[in-house]
Every structure is written in structure tokens, then in C-alpha cells.
Amino acid sequence: MTQDLPEYYFRIRENGAAVFRVDTENRQRRIELDQVAMVNVKNGEVKPHGDHVLTEADIAAIQDWLDKRVALLAQRDMDDIHRAVDYLNLTTHWVQSKATDDQLEDVTDRLLLAMHDLRTLLVRKKSERLLADDDAGS
């Protein structure tokens with residue numbers, strides 16, 4: 001089993017991860033996790049843990065993990081947005097075919113405000129992109 005273990009383990013946290021070096025080369029042949037750093041995904045900051053000095057191998061492994069994690073989180077964000085479009089369509093069908101007057105009374109104002117806010121931002125961003133495309137084409 002120990003041959004299959006990675007050299008580093010990343011304990012996912014809210015904004016990043018705690019980085020551990022996996023150690024199986026000890027007298028008891030136990031798996032030990034030695035914390036070497038903390039990583040912040042939002043700003044890319046890597047802080048060595050305690051007095052630990054990061055090696056080039058540590059830094060390379062952390063950067064590789066960080067690059068993959070940022071890409072995964074971006075992919076998840078897009079998946080969430082695509083699901084939101086599906087939910088809007090399902091909500092439209094629910095309003096049209098199943099919703100009672102009491103249910104509609106409960107959600108209509110919140111839905112309208114959220115949709116108005118979203119529409120306003122989408123129109124503004126679309127306008128900014130169109131203007132930027134026009135400026136680039138000139």
C-alpha cells in the first residue's frame with residue numbers, strides 16, 4: 001500500500017489547503033503526515049508551516065496542486081452556472097404548470113428581484129464586451 005501513496009497530501013480548507021508530506025519511512029511503518037505549508041487558493045500565497053523551509057520539490061508539488069485546484073474550481077463554477085440555467089427553466093415550468101397561488105405569493109418578489117439584478121448585470125457586461133469589441137475593431 002505504501003508504494004501507492006503520494007508524496008504530498010493536501011487537506012482541503014475553505015480557501016486552500018494544509019500541505020502535508022507523507023512519511024512511511026519510520027520504525028513503526030506507520031503513515032505519518034508532516035505539515036509543511038498552508039496554501040491560499042484565492043491569492044496563491046504559500047506559507048511554510050512553523051520553522052519548516054520549503055524545498056524546490058515542495059514548492060513544485062504545491063504549485064502543481066494549486067494550478068490544478070484553481071482550474072477545478074473554475075470548472076465547478078461554470079458547472080454551477082449551467083445548472084442555474086437549468087433551474088431557471090425548471091422554475092419556469094413549475095410556475096406555469098404546478099405552482100399554487102400561495103406558493104407563488106411566497107417566492108414571486110424574491111425571484112423577480114433576483115432576476116432583475118441578474119438581468120441588469122448581464123446587460124451591462126454584454127454592453128461592455130460589445131463596446132470593447134468595437135474599440136478593438138476600430
# chains A, B, ... in the order shown; residues from 1 in each chain; ligands from 1

call {"tool": "residues_around", "arguments": {"residues": "segment 104-116 of chain A", "least_positions_apart": "6", "cutoff": "12 Å", "atoms": "only C-alpha atoms", "output": "number ranges by chain"}}
result
A: 84-85, 88, 91-92, 94-98, 122-123

call {"tool": "residues_around", "arguments": {"residues": "Glu32 of chain A", "least_positions_apart": "3", "cutoff": "10 Å", "atoms": "only C-alpha atoms", "output": "MDAnalysis selection string"}}
result
chainID A and resid 20:26 29 35

call {"tool": "closest_residue", "arguments": {"among": "A:Asp79, A:Arg27, A:Leu131, A:Val36", "to": "Arg11 of chain A", "atoms": "only C-alpha atoms"}}
result
A:Val36

call {"tool": "residues_around", "arguments": {"residues": "His49 of chain A", "least_positions_apart": "4", "cutoff": "12 Å", "atoms": "only C-alpha atoms", "output": "number ranges by chain"}}
result
A: 17-21, 34-39, 53-54, 58

call {"tool": "select_by_dssp", "arguments": {"residues": "chain A", "states": "alpha helix (DSSP H)", "output": "number ranges by chain"}}
result
A: 56-97, 101-137

call {"tool": "atom_distance", "arguments": {"atom1": "atom CA of Ala132 of chain A", "atom2": "atom CA of Asp117 of chain A"}}
result
22.7 Å

call {"tool": "atom_distance", "arguments": {"atom1": "atom CA of Val41 of chain A", "atom2": "atom CA of Ala74 of chain A"}}
result
11.5 Å

call {"tool": "select_by_dssp", "arguments": {"residues": "chain A", "states": "strand (DSSP E)", "output": "VMD selection string"}}
result
chain A and resid 8 to 13 16 to 23 32 to 40 46 to 48

call {"tool": "residues_around", "arguments": {"residues": "segment 67-71 of chain A", "least_positions_apart": "5", "cutoff": "9 Å", "atoms": "only C-alpha atoms", "output": "list in words"}}
result
Gly16, Val41, Lys42, Ile62 and Arg76 of chain A

call {"tool": "write_last_selection", "arguments": {"atoms": "all heavy atoms", "output": "CSV table (one decimal), in the first residue's frame"}}
result
chain,number,residue,atom,x,y,z
A,16,GLY,N,-8.2,27.1,0.6
A,16,GLY,CA,-7.0,26.5,0.1
A,16,GLY,C,-6.8,25.1,0.7
A,16,GLY,O,-7.7,24.3,0.7
A,41,VAL,N,-5.8,29.5,-2.0
A,41,VAL,CA,-6.1,29.4,-3.4
A,41,VAL,C,-6.5,30.7,-4.0
A,41,VAL,O,-6.2,31.0,-5.2
A,41,VAL,CB,-7.3,28.4,-3.6
A,41,VAL,CG1,-7.8,28.4,-5.0
A,41,VAL,CG2,-6.8,27.0,-3.2
A,42,LYS,N,-7.1,31.6,-3.2
A,42,LYS,CA,-7.6,32.9,-3.7
A,42,LYS,C,-6.4,33.8,-4.2
A,42,LYS,O,-6.5,34.5,-5.2
A,42,LYS,CB,-8.5,33.6,-2.7
A,42,LYS,CG,-9.7,32.8,-2.5
A,42,LYS,CD,-10.8,33.7,-1.8
A,42,LYS,CE,-12.0,33.0,-1.4
A,42,LYS,NZ,-12.8,32.6,-2.5
A,62,ILE,N,3.4,21.9,-4.6
A,62,ILE,CA,2.4,22.8,-4.2
A,62,ILE,C,1.9,23.6,-5.4
A,62,ILE,O,0.6,23.8,-5.6
A,62,ILE,CB,2.9,23.7,-3.1
A,62,ILE,CG1,3.1,22.9,-1.8
A,62,ILE,CG2,1.9,24.9,-2.8
A,62,ILE,CD1,3.9,23.6,-0.7
A,76,ARG,N,-15.9,24.0,-11.8
A,76,ARG,CA,-17.1,23.8,-11.0
A,76,ARG,C,-18.0,25.1,-11.0
A,76,ARG,O,-19.2,24.9,-11.0
A,76,ARG,CB,-16.7,23.5,-9.5
A,76,ARG,CG,-16.2,22.1,-9.3
A,76,ARG,CD,-15.8,21.9,-7.9
A,76,ARG,NE,-15.2,20.6,-7.7
A,76,ARG,CZ,-14.7,20.1,-6.6
A,76,ARG,NH1,-14.6,21.0,-5.5
A,76,ARG,NH2,-14.2,18.9,-6.5

call {"tool": "closest_residue", "arguments": {"among": "A:Ser127, A:Gln75, A:Gln28, A:Asn40", "to": "Glu14 of chain A", "atoms": "only C-alpha atoms"}}
result
A:Asn40

call {"tool": "decode", "arguments": {"residues": "segment 116-129 of chain A", "atoms": "N, CA, C and O atoms", "output": "short mmCIF file (atom, residue, chain, number, x, y, z; two decimals), in the first residue's frame"}}
result
data_model
loop_
_atom_site.label_atom_id
_atom_site.label_comp_id
_atom_site.auth_asym_id
_atom_site.auth_seq_id
_atom_site.Cartn_x
_atom_site.Cartn_y
_atom_site.Cartn_z
N HIS A 116 -34.14 40.47 -11.83
CA HIS A 116 -33.87 41.84 -12.25
C HIS A 116 -32.39 42.18 -12.04
O HIS A 116 -31.74 42.75 -12.92
N ASP A 117 -31.86 41.82 -10.87
CA ASP A 117 -30.46 42.06 -10.55
C ASP A 117 -29.56 41.34 -11.56
O ASP A 117 -28.63 41.93 -12.12
N LEU A 118 -29.85 40.08 -11.82
CA LEU A 118 -29.06 39.29 -12.77
C LEU A 118 -29.16 39.88 -14.17
O LEU A 118 -28.14 40.06 -14.85
N ARG A 119 -30.36 40.23 -14.60
CA ARG A 119 -30.53 40.79 -15.94
C ARG A 119 -29.77 42.10 -16.09
O ARG A 119 -29.10 42.34 -17.10
N THR A 120 -29.84 42.96 -15.08
CA THR A 120 -29.13 44.24 -15.13
C THR A 120 -27.62 44.03 -15.32
O THR A 120 -27.00 44.68 -16.16
N LEU A 121 -27.06 43.11 -14.54
CA LEU A 121 -25.62 42.85 -14.66
C LEU A 121 -25.26 42.19 -15.99
O LEU A 121 -24.25 42.53 -16.61
N LEU A 122 -26.08 41.26 -16.45
CA LEU A 122 -25.82 40.61 -17.73
C LEU A 122 -25.85 41.61 -18.88
O LEU A 122 -24.98 41.59 -19.76
N VAL A 123 -26.83 42.51 -18.87
CA VAL A 123 -26.94 43.52 -19.93
C VAL A 123 -25.74 44.46 -19.88
O VAL A 123 -25.14 44.80 -20.91
N ARG A 124 -25.35 44.89 -18.68
CA ARG A 124 -24.20 45.79 -18.54
C ARG A 124 -22.92 45.12 -19.04
O ARG A 124 -22.15 45.72 -19.80
N LYS A 125 -22.69 43.88 -18.62
CA LYS A 125 -21.48 43.16 -19.04
C LYS A 125 -21.48 42.91 -20.55
O LYS A 125 -20.44 43.02 -21.20
N LYS A 126 -22.63 42.61 -21.11
CA LYS A 126 -22.73 42.39 -22.56
C LYS A 126 -22.42 43.69 -23.30
O LYS A 126 -21.68 43.70 -24.28
N SER A 127 -22.95 44.79 -22.80
CA SER A 127 -22.69 46.09 -23.40
C SER A 127 -21.20 46.43 -23.35
O SER A 127 -20.63 46.91 -24.33
N GLU A 128 -20.57 46.16 -22.20
CA GLU A 128 -19.13 46.43 -22.06
C GLU A 128 -18.32 45.59 -23.04
O GLU A 128 -17.36 46.09 -23.64
N ARG A 129 -18.70 44.34 -23.22
CA ARG A 129 -17.98 43.48 -24.18
C ARG A 129 -18.16 43.97 -25.60
O ARG A 129 -17.21 43.99 -26.39
#
